[in-house]
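Visitor: Following this line is coords_0.txt, made up of compact mmCIF, N, CA and C atoms and all ligand atoms:
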# COMPACT_ATOMS: atom_id res chain seq x y z
N MET A 1 -50.30 9.90 -10.59
CA MET A 1 -49.31 8.88 -10.21
C MET A 1 -47.95 9.24 -10.81
N SER A 2 -46.92 9.07 -10.01
CA SER A 2 -45.57 9.35 -10.49
C SER A 2 -45.15 8.32 -11.53
N ASP A 3 -44.32 8.74 -12.48
CA ASP A 3 -43.85 7.85 -13.54
C ASP A 3 -43.17 6.60 -13.00
N GLN A 4 -42.48 6.75 -11.84
CA GLN A 4 -41.69 5.62 -11.35
C GLN A 4 -42.57 4.43 -10.97
N PHE A 5 -43.85 4.65 -10.79
CA PHE A 5 -44.74 3.54 -10.44
C PHE A 5 -45.43 2.94 -11.66
N GLU A 6 -45.17 3.52 -12.80
CA GLU A 6 -45.76 2.99 -14.04
C GLU A 6 -44.99 1.77 -14.49
N GLY A 7 -45.70 0.80 -15.06
CA GLY A 7 -45.04 -0.37 -15.61
C GLY A 7 -44.50 -0.08 -17.00
N PHE A 8 -43.42 -0.76 -17.35
CA PHE A 8 -42.89 -0.62 -18.72
C PHE A 8 -43.88 -1.25 -19.71
N ALA A 9 -43.95 -0.66 -20.88
CA ALA A 9 -44.84 -1.17 -21.91
C ALA A 9 -44.45 -2.58 -22.35
N GLU A 10 -43.17 -2.93 -22.15
CA GLU A 10 -42.69 -4.25 -22.58
C GLU A 10 -43.23 -5.39 -21.73
N ASN A 11 -43.69 -5.12 -20.51
CA ASN A 11 -44.22 -6.19 -19.67
C ASN A 11 -45.37 -6.90 -20.37
N VAL A 12 -45.34 -8.23 -20.37
CA VAL A 12 -46.50 -8.94 -20.91
C VAL A 12 -47.65 -8.77 -19.92
N PRO A 13 -48.88 -8.73 -20.40
CA PRO A 13 -50.01 -8.54 -19.51
C PRO A 13 -50.11 -9.66 -18.47
N GLY A 14 -50.53 -9.31 -17.26
CA GLY A 14 -50.69 -10.31 -16.22
C GLY A 14 -50.39 -9.76 -14.85
N LYS A 15 -50.28 -10.66 -13.91
CA LYS A 15 -50.16 -10.30 -12.50
C LYS A 15 -48.91 -9.48 -12.18
N TYR A 16 -47.76 -9.88 -12.72
CA TYR A 16 -46.51 -9.21 -12.37
C TYR A 16 -46.13 -8.16 -13.41
N TYR A 17 -45.49 -7.11 -12.93
CA TYR A 17 -44.99 -6.09 -13.84
C TYR A 17 -43.80 -5.39 -13.20
N ILE A 18 -42.95 -4.83 -14.01
CA ILE A 18 -41.80 -4.08 -13.53
C ILE A 18 -42.03 -2.61 -13.84
N THR A 19 -41.78 -1.80 -12.82
CA THR A 19 -42.05 -0.37 -12.96
C THR A 19 -40.78 0.40 -13.35
N LYS A 20 -40.99 1.65 -13.66
CA LYS A 20 -39.89 2.50 -14.11
C LYS A 20 -38.93 2.89 -13.00
N SER A 21 -39.14 2.39 -11.81
CA SER A 21 -38.14 2.61 -10.75
C SER A 21 -37.01 1.58 -10.83
N CYS A 22 -37.12 0.63 -11.76
CA CYS A 22 -36.05 -0.37 -11.98
C CYS A 22 -34.73 0.33 -12.28
N ILE A 23 -33.66 -0.15 -11.64
CA ILE A 23 -32.33 0.44 -11.86
C ILE A 23 -31.46 -0.43 -12.78
N GLY A 24 -32.07 -1.52 -13.30
CA GLY A 24 -31.34 -2.33 -14.27
C GLY A 24 -30.25 -3.20 -13.70
N CYS A 25 -30.38 -3.60 -12.45
CA CYS A 25 -29.31 -4.41 -11.83
C CYS A 25 -29.29 -5.85 -12.37
N THR A 26 -30.38 -6.29 -12.98
CA THR A 26 -30.58 -7.61 -13.60
C THR A 26 -30.69 -8.77 -12.60
N LEU A 27 -30.79 -8.46 -11.33
CA LEU A 27 -30.90 -9.52 -10.32
C LEU A 27 -32.13 -10.40 -10.57
N CYS A 28 -33.22 -9.80 -10.93
CA CYS A 28 -34.45 -10.58 -11.15
C CYS A 28 -34.28 -11.56 -12.30
N SER A 29 -33.53 -11.17 -13.33
CA SER A 29 -33.33 -12.06 -14.48
C SER A 29 -32.37 -13.19 -14.15
N VAL A 30 -31.60 -13.04 -13.07
CA VAL A 30 -30.74 -14.12 -12.60
C VAL A 30 -31.57 -15.09 -11.75
N ILE A 31 -32.41 -14.55 -10.89
CA ILE A 31 -33.24 -15.37 -9.99
C ILE A 31 -34.35 -16.08 -10.76
N ALA A 32 -34.97 -15.39 -11.66
CA ALA A 32 -36.12 -15.96 -12.39
C ALA A 32 -35.96 -15.71 -13.89
N PRO A 33 -34.97 -16.37 -14.51
CA PRO A 33 -34.69 -16.09 -15.93
C PRO A 33 -35.82 -16.51 -16.88
N GLU A 34 -36.73 -17.34 -16.40
CA GLU A 34 -37.85 -17.75 -17.24
C GLU A 34 -38.93 -16.67 -17.30
N HIS A 35 -38.81 -15.65 -16.46
CA HIS A 35 -39.88 -14.66 -16.36
C HIS A 35 -39.43 -13.22 -16.56
N PHE A 36 -38.21 -12.92 -16.13
CA PHE A 36 -37.71 -11.55 -16.22
C PHE A 36 -36.51 -11.49 -17.17
N MET A 37 -36.48 -10.46 -17.96
CA MET A 37 -35.43 -10.35 -18.98
C MET A 37 -34.96 -8.89 -19.06
N GLU A 38 -33.68 -8.75 -19.34
CA GLU A 38 -33.14 -7.40 -19.53
C GLU A 38 -33.54 -6.87 -20.90
N ASN A 39 -33.95 -5.63 -20.92
CA ASN A 39 -34.26 -4.98 -22.19
C ASN A 39 -32.96 -4.52 -22.81
N THR A 40 -32.66 -4.99 -23.98
CA THR A 40 -31.40 -4.62 -24.63
C THR A 40 -31.61 -3.61 -25.76
N ASP A 41 -32.77 -2.98 -25.75
CA ASP A 41 -33.07 -1.98 -26.77
C ASP A 41 -32.12 -0.79 -26.62
N GLU A 42 -31.25 -0.61 -27.58
CA GLU A 42 -30.25 0.45 -27.47
C GLU A 42 -30.84 1.85 -27.60
N GLU A 43 -32.10 1.91 -27.98
CA GLU A 43 -32.76 3.22 -28.07
C GLU A 43 -33.06 3.78 -26.68
N LEU A 44 -33.10 2.89 -25.69
CA LEU A 44 -33.45 3.33 -24.35
C LEU A 44 -32.21 3.84 -23.62
N PRO A 45 -32.32 4.93 -22.90
CA PRO A 45 -31.16 5.54 -22.25
C PRO A 45 -30.58 4.69 -21.11
N VAL A 46 -31.42 3.95 -20.40
CA VAL A 46 -30.96 3.16 -19.28
C VAL A 46 -31.54 1.76 -19.40
N GLY A 47 -30.69 0.73 -19.19
CA GLY A 47 -31.18 -0.63 -19.26
C GLY A 47 -32.16 -0.91 -18.13
N HIS A 48 -33.08 -1.80 -18.39
CA HIS A 48 -34.02 -2.21 -17.36
C HIS A 48 -34.52 -3.60 -17.70
N CYS A 49 -35.17 -4.22 -16.75
CA CYS A 49 -35.77 -5.52 -17.00
C CYS A 49 -37.28 -5.38 -17.16
N TYR A 50 -37.88 -6.41 -17.71
CA TYR A 50 -39.33 -6.43 -17.87
C TYR A 50 -39.81 -7.88 -17.76
N VAL A 51 -41.10 -8.04 -17.58
CA VAL A 51 -41.67 -9.38 -17.48
C VAL A 51 -41.99 -9.87 -18.88
N TYR A 52 -41.37 -10.98 -19.29
CA TYR A 52 -41.66 -11.49 -20.63
C TYR A 52 -42.50 -12.76 -20.58
N LYS A 53 -42.61 -13.36 -19.38
CA LYS A 53 -43.50 -14.52 -19.24
C LYS A 53 -44.06 -14.52 -17.83
N GLN A 54 -45.36 -14.52 -17.73
CA GLN A 54 -46.00 -14.57 -16.41
C GLN A 54 -45.92 -15.99 -15.85
N PRO A 55 -45.87 -16.13 -14.52
CA PRO A 55 -45.86 -17.48 -13.94
C PRO A 55 -47.19 -18.19 -14.19
N GLU A 56 -47.10 -19.49 -14.44
CA GLU A 56 -48.31 -20.29 -14.71
C GLU A 56 -48.52 -21.36 -13.65
N THR A 57 -47.52 -21.62 -12.85
CA THR A 57 -47.65 -22.64 -11.81
C THR A 57 -47.32 -22.02 -10.46
N THR A 58 -47.66 -22.74 -9.41
CA THR A 58 -47.35 -22.26 -8.06
C THR A 58 -45.85 -22.09 -7.89
N ALA A 59 -45.07 -23.04 -8.39
CA ALA A 59 -43.61 -22.96 -8.26
C ALA A 59 -43.07 -21.73 -9.00
N GLU A 60 -43.60 -21.45 -10.16
CA GLU A 60 -43.16 -20.26 -10.90
C GLU A 60 -43.54 -18.98 -10.16
N GLY A 61 -44.72 -19.01 -9.54
CA GLY A 61 -45.15 -17.86 -8.76
C GLY A 61 -44.22 -17.61 -7.57
N VAL A 62 -43.77 -18.68 -6.94
CA VAL A 62 -42.87 -18.57 -5.79
C VAL A 62 -41.56 -17.91 -6.22
N ILE A 63 -41.05 -18.29 -7.36
CA ILE A 63 -39.78 -17.74 -7.82
C ILE A 63 -39.94 -16.26 -8.21
N CYS A 64 -41.08 -15.90 -8.73
CA CYS A 64 -41.33 -14.48 -9.04
C CYS A 64 -41.46 -13.68 -7.75
N GLU A 65 -42.08 -14.26 -6.74
CA GLU A 65 -42.18 -13.59 -5.44
C GLU A 65 -40.79 -13.39 -4.84
N GLU A 66 -39.95 -14.39 -5.02
CA GLU A 66 -38.58 -14.30 -4.50
C GLU A 66 -37.84 -13.14 -5.17
N ALA A 67 -37.98 -13.03 -6.47
CA ALA A 67 -37.34 -11.92 -7.19
C ALA A 67 -37.90 -10.59 -6.71
N MET A 68 -39.20 -10.56 -6.49
CA MET A 68 -39.85 -9.34 -6.01
C MET A 68 -39.29 -8.94 -4.64
N ASP A 69 -39.08 -9.91 -3.79
CA ASP A 69 -38.60 -9.64 -2.43
C ASP A 69 -37.17 -9.08 -2.41
N VAL A 70 -36.34 -9.50 -3.35
CA VAL A 70 -34.94 -9.06 -3.31
C VAL A 70 -34.65 -7.86 -4.22
N CYS A 71 -35.60 -7.46 -5.01
CA CYS A 71 -35.36 -6.32 -5.91
C CYS A 71 -34.96 -5.09 -5.08
N PRO A 72 -33.77 -4.53 -5.33
CA PRO A 72 -33.30 -3.42 -4.50
C PRO A 72 -34.06 -2.11 -4.74
N ALA A 73 -34.79 -2.04 -5.83
CA ALA A 73 -35.51 -0.81 -6.15
C ALA A 73 -37.01 -0.93 -5.90
N ASP A 74 -37.43 -2.08 -5.37
CA ASP A 74 -38.85 -2.33 -5.13
C ASP A 74 -39.65 -2.07 -6.42
N ALA A 75 -39.07 -2.51 -7.53
CA ALA A 75 -39.66 -2.20 -8.84
C ALA A 75 -40.56 -3.29 -9.38
N ILE A 76 -40.50 -4.49 -8.75
CA ILE A 76 -41.36 -5.58 -9.23
C ILE A 76 -42.66 -5.54 -8.42
N ARG A 77 -43.75 -5.47 -9.11
CA ARG A 77 -45.05 -5.37 -8.44
C ARG A 77 -45.94 -6.49 -8.92
N ASN A 78 -46.95 -6.78 -8.11
CA ASN A 78 -48.01 -7.64 -8.62
C ASN A 78 -49.34 -7.00 -8.30
N ASN A 79 -50.29 -7.32 -9.12
CA ASN A 79 -51.58 -6.67 -8.96
C ASN A 79 -52.54 -7.54 -8.16
N GLY A 80 -51.95 -8.38 -7.30
CA GLY A 80 -52.78 -9.18 -6.40
C GLY A 80 -53.10 -10.51 -7.00
S1 LIG A 101 -34.16 -6.73 -9.56
FE1 LIG A 101 -35.43 -4.89 -9.59
S2 LIG A 101 -34.03 -3.20 -10.01
FE2 LIG A 101 -32.97 -5.09 -10.53
S3 LIG A 101 -33.38 -5.33 -12.74
FE3 LIG A 101 -34.95 -6.50 -11.65
S4 LIG A 101 -36.67 -5.09 -11.46
FE4 LIG A 101 -34.86 -3.88 -11.96
Re-express the file's structure as structure tokens.
Ligand code: SF4
Guide:
Amino acid sequence: MSDQFEGFAENVPGKYYITKSCIGCTLCSVIAPEHFMENTDEELPVGHCYVYKQPETTAEGVICEEAMDVCPADAIRNNG
């Protein structure tokens, strides 16, 4: 499997994850700030987002799906 399809280690375990194809546009953290967050670790060469809270309700799941749909890098995935 190519690295770009791997999830970042920072993702909390669960259905949604952000892969290394993320370009760091931060759109997902604007749409779903309760679930996606920008990694501000200065050790990393390029900023990216990760999942810090998985959705627990149907409404939260809908908002995560919305972020997934608009991600320009197709970097937000769910494992079904
Ligand atoms: S919307 Fe996609 S490309 Fe943009 S920061 Fe989120 S995961 Fe990365």
Visitor: Mind giving me the straight-line distance from atom CA of Thr40 of chain A to atom CA of Gly80 of chain A in Å, one decimal?
Guide: 28.5 Å
Visitor: Give me the residues near segment 7-23 of chain A as a list of chain:residue names, where near means some atom within 8 Å (using only N, CA and C atoms) and where sequence neighbours in that chain fewer than 3 positions away do not count.
Guide: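 Counting only N, CA and C atoms, the residues come to A:Asp3, A:Gln4, A:Thr26, A:Val46, A:Gly47, A:His48, A:Cys49, A:Tyr50, A:Val51, A:Tyr52, A:Lys53, A:Gln54, A:Pro55, A:Pro72, A:Ala73, A:Asp74, A:Ala75, A:Ile76, A:Arg77, A:Asn78, A:Asn79, A:Gly80.
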Visitor: Rank A:Met37, A:Cys71, A:Ala32, A:Ala59 by their smallest atom-to-atom distance to ligand LIG 101 (chain A), using all atoms listed in the file, and report the top residue only.
Guide: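 The closest residue to ligand LIG 101 (chain A) is A:Cys71.
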Visitor: Mind pulling up the distance from atom CA of Val30 of chain A to atom S2 of ligand LIG 101 (chain A)?
Guide: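 Answer for the atom S2 of ligand LIG 101 (chain A) to atom CA of Val30 of chain A separation: 11.7 Å.
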Visitor: Can you work out the spacing between atom C of Ile63 of chain A and atom N of Leu27 of chain A in Å, to one decimal?
Guide: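 Pair atom C of Ile63 of chain A / atom N of Leu27 of chain A returns 12.4 Å.
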Visitor: Using all atoms listed in the file, which of the listed residues (A:Cys25, A:Asn39, A:Phe5, A:Cys64) sits closest to ligand LIG 101 (chain A)?
Guide: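 Closest residue, counting all atoms listed in the file: A:Cys25.
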Visitor: Mind listing the strand (DSSP E) residues of chain A, per DSSP on the backbone, as a ChimeraX atom specification?
Guide: /A:16-18,36-39,48-51,76-78
Visitor: Find the smallest box with edges along x, y and z containing every listed atom of segment 1-12 of chain A, then add 4 Å on each side and report centre and edge lengths in Å to one decimal, as AutoDock Vina command-line options.
Guide:
--center_x -46.0 --center_y 0.5 --center_z -16.3 --size_x 16.6 --size_y 26.8 --size_z 20.6
Visitor: From the set A:Val70, A:Pro33, A:Gly61, A:Glu43, which residue has the shortest atom-to-atom contact distance to ligand LIG 101 (chain A), counting all atoms listed in the file?
Guide: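 Looking at the shortest contact to ligand LIG 101 (chain A), the residue is A:Val70.
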Visitor: Taking into account only N, CA and C atoms and all ligand atoms, which residue in the set A:Val62, A:Asp41, A:Glu56, A:Phe36 is nearest to ligand LIG 101 (chain A)?
Guide: A:Phe36
Visitor: Among chain A, which residues does DSSP mark as alpha helix (DSSP H) when it is run on the backbone? Keep the chain and numbering as in the structure and answer as a ChimeraX atom specification.
Guide: /A:27-31,58-70
Visitor: How about completing segment 46-65 of chain A with N, CA, C and O atoms and giving it to me as a PDB file, keeping the file's coordinate frame?
Guide:
ATOM      1  N   VAL A  46     -31.420   3.950 -20.400  1.00  0.00           N
ATOM      2  CA  VAL A  46     -30.960   3.160 -19.280  1.00  0.00           C
ATOM      3  C   VAL A  46     -31.540   1.760 -19.400  1.00  0.00           C
ATOM      4  O   VAL A  46     -32.736   1.606 -19.680  1.00  0.00           O
ATOM      5  N   GLY A  47     -30.690   0.730 -19.190  1.00  0.00           N
ATOM      6  CA  GLY A  47     -31.180  -0.630 -19.260  1.00  0.00           C
ATOM      7  C   GLY A  47     -32.160  -0.910 -18.130  1.00  0.00           C
ATOM      8  O   GLY A  47     -32.069  -0.327 -17.055  1.00  0.00           O
ATOM      9  N   HIS A  48     -33.080  -1.800 -18.390  1.00  0.00           N
ATOM     10  CA  HIS A  48     -34.020  -2.210 -17.360  1.00  0.00           C
ATOM     11  C   HIS A  48     -34.520  -3.600 -17.700  1.00  0.00           C
ATOM     12  O   HIS A  48     -34.311  -4.094 -18.814  1.00  0.00           O
ATOM     13  N   CYS A  49     -35.170  -4.220 -16.750  1.00  0.00           N
ATOM     14  CA  CYS A  49     -35.770  -5.520 -17.000  1.00  0.00           C
ATOM     15  C   CYS A  49     -37.280  -5.380 -17.160  1.00  0.00           C
ATOM     16  O   CYS A  49     -37.868  -4.364 -16.795  1.00  0.00           O
ATOM     17  N   TYR A  50     -37.880  -6.410 -17.710  1.00  0.00           N
ATOM     18  CA  TYR A  50     -39.330  -6.430 -17.870  1.00  0.00           C
ATOM     19  C   TYR A  50     -39.810  -7.880 -17.760  1.00  0.00           C
ATOM     20  O   TYR A  50     -39.005  -8.816 -17.821  1.00  0.00           O
ATOM     21  N   VAL A  51     -41.100  -8.040 -17.580  1.00  0.00           N
ATOM     22  CA  VAL A  51     -41.670  -9.380 -17.480  1.00  0.00           C
ATOM     23  C   VAL A  51     -41.990  -9.870 -18.880  1.00  0.00           C
ATOM     24  O   VAL A  51     -42.773  -9.235 -19.600  1.00  0.00           O
ATOM     25  N   TYR A  52     -41.370 -10.980 -19.290  1.00  0.00           N
ATOM     26  CA  TYR A  52     -41.660 -11.490 -20.630  1.00  0.00           C
ATOM     27  C   TYR A  52     -42.500 -12.760 -20.580  1.00  0.00           C
ATOM     28  O   TYR A  52     -43.034 -13.190 -21.594  1.00  0.00           O
ATOM     29  N   LYS A  53     -42.610 -13.360 -19.380  1.00  0.00           N
ATOM     30  CA  LYS A  53     -43.500 -14.520 -19.240  1.00  0.00           C
ATOM     31  C   LYS A  53     -44.060 -14.520 -17.830  1.00  0.00           C
ATOM     32  O   LYS A  53     -43.301 -14.519 -16.858  1.00  0.00           O
ATOM     33  N   GLN A  54     -45.360 -14.520 -17.730  1.00  0.00           N
ATOM     34  CA  GLN A  54     -46.000 -14.570 -16.410  1.00  0.00           C
ATOM     35  C   GLN A  54     -45.920 -15.990 -15.850  1.00  0.00           C
ATOM     36  O   GLN A  54     -45.887 -16.954 -16.620  1.00  0.00           O
ATOM     37  N   PRO A  55     -45.870 -16.130 -14.520  1.00  0.00           N
ATOM     38  CA  PRO A  55     -45.860 -17.480 -13.940  1.00  0.00           C
ATOM     39  C   PRO A  55     -47.190 -18.190 -14.190  1.00  0.00           C
ATOM     40  O   PRO A  55     -48.245 -17.566 -14.174  1.00  0.00           O
ATOM     41  N   GLU A  56     -47.100 -19.490 -14.440  1.00  0.00           N
ATOM     42  CA  GLU A  56     -48.310 -20.290 -14.710  1.00  0.00           C
ATOM     43  C   GLU A  56     -48.520 -21.360 -13.650  1.00  0.00           C
ATOM     44  O   GLU A  56     -49.585 -21.978 -13.620  1.00  0.00           O
ATOM     45  N   THR A  57     -47.520 -21.620 -12.850  1.00  0.00           N
ATOM     46  CA  THR A  57     -47.650 -22.640 -11.810  1.00  0.00           C
ATOM     47  C   THR A  57     -47.320 -22.020 -10.460  1.00  0.00           C
ATOM     48  O   THR A  57     -46.761 -20.924 -10.386  1.00  0.00           O
ATOM     49  N   THR A  58     -47.660 -22.740  -9.410  1.00  0.00           N
ATOM     50  CA  THR A  58     -47.350 -22.260  -8.060  1.00  0.00           C
ATOM     51  C   THR A  58     -45.850 -22.090  -7.890  1.00  0.00           C
ATOM     52  O   THR A  58     -45.384 -21.088  -7.344  1.00  0.00           O
ATOM     53  N   ALA A  59     -45.070 -23.040  -8.390  1.00  0.00           N
ATOM     54  CA  ALA A  59     -43.610 -22.960  -8.260  1.00  0.00           C
ATOM     55  C   ALA A  59     -43.070 -21.730  -9.000  1.00  0.00           C
ATOM     56  O   ALA A  59     -42.172 -21.036  -8.486  1.00  0.00           O
ATOM     57  N   GLU A  60     -43.600 -21.450 -10.160  1.00  0.00           N
ATOM     58  CA  GLU A  60     -43.160 -20.260 -10.900  1.00  0.00           C
ATOM     59  C   GLU A  60     -43.540 -18.980 -10.160  1.00  0.00           C
ATOM     60  O   GLU A  60     -42.800 -18.003 -10.151  1.00  0.00           O
ATOM     61  N   GLY A  61     -44.720 -19.010  -9.540  1.00  0.00           N
ATOM     62  CA  GLY A  61     -45.150 -17.860  -8.760  1.00  0.00           C
ATOM     63  C   GLY A  61     -44.220 -17.610  -7.570  1.00  0.00           C
ATOM     64  O   GLY A  61     -43.898 -16.464  -7.255  1.00  0.00           O
ATOM     65  N   VAL A  62     -43.770 -18.680  -6.940  1.00  0.00           N
ATOM     66  CA  VAL A  62     -42.870 -18.570  -5.790  1.00  0.00           C
ATOM     67  C   VAL A  62     -41.560 -17.910  -6.220  1.00  0.00           C
ATOM     68  O   VAL A  62     -41.023 -17.044  -5.529  1.00  0.00           O
ATOM     69  N   ILE A  63     -41.050 -18.290  -7.360  1.00  0.00           N
ATOM     70  CA  ILE A  63     -39.780 -17.740  -7.820  1.00  0.00           C
ATOM     71  C   ILE A  63     -39.940 -16.260  -8.210  1.00  0.00           C
ATOM     72  O   ILE A  63     -39.043 -15.444  -7.977  1.00  0.00           O
ATOM     73  N   CYS A  64     -41.080 -15.900  -8.730  1.00  0.00           N
ATOM     74  CA  CYS A  64     -41.330 -14.480  -9.040  1.00  0.00           C
ATOM     75  C   CYS A  64     -41.460 -13.680  -7.750  1.00  0.00           C
ATOM     76  O   CYS A  64     -40.974 -12.537  -7.669  1.00  0.00           O
ATOM     77  N   GLU A  65     -42.080 -14.260  -6.740  1.00  0.00           N
ATOM     78  CA  GLU A  65     -42.180 -13.590  -5.440  1.00  0.00           C
ATOM     79  C   GLU A  65     -40.790 -13.390  -4.840  1.00  0.00           C
ATOM     80  O   GLU A  65     -40.505 -12.360  -4.234  1.00  0.00           O
TER      81      GLU A  65
END
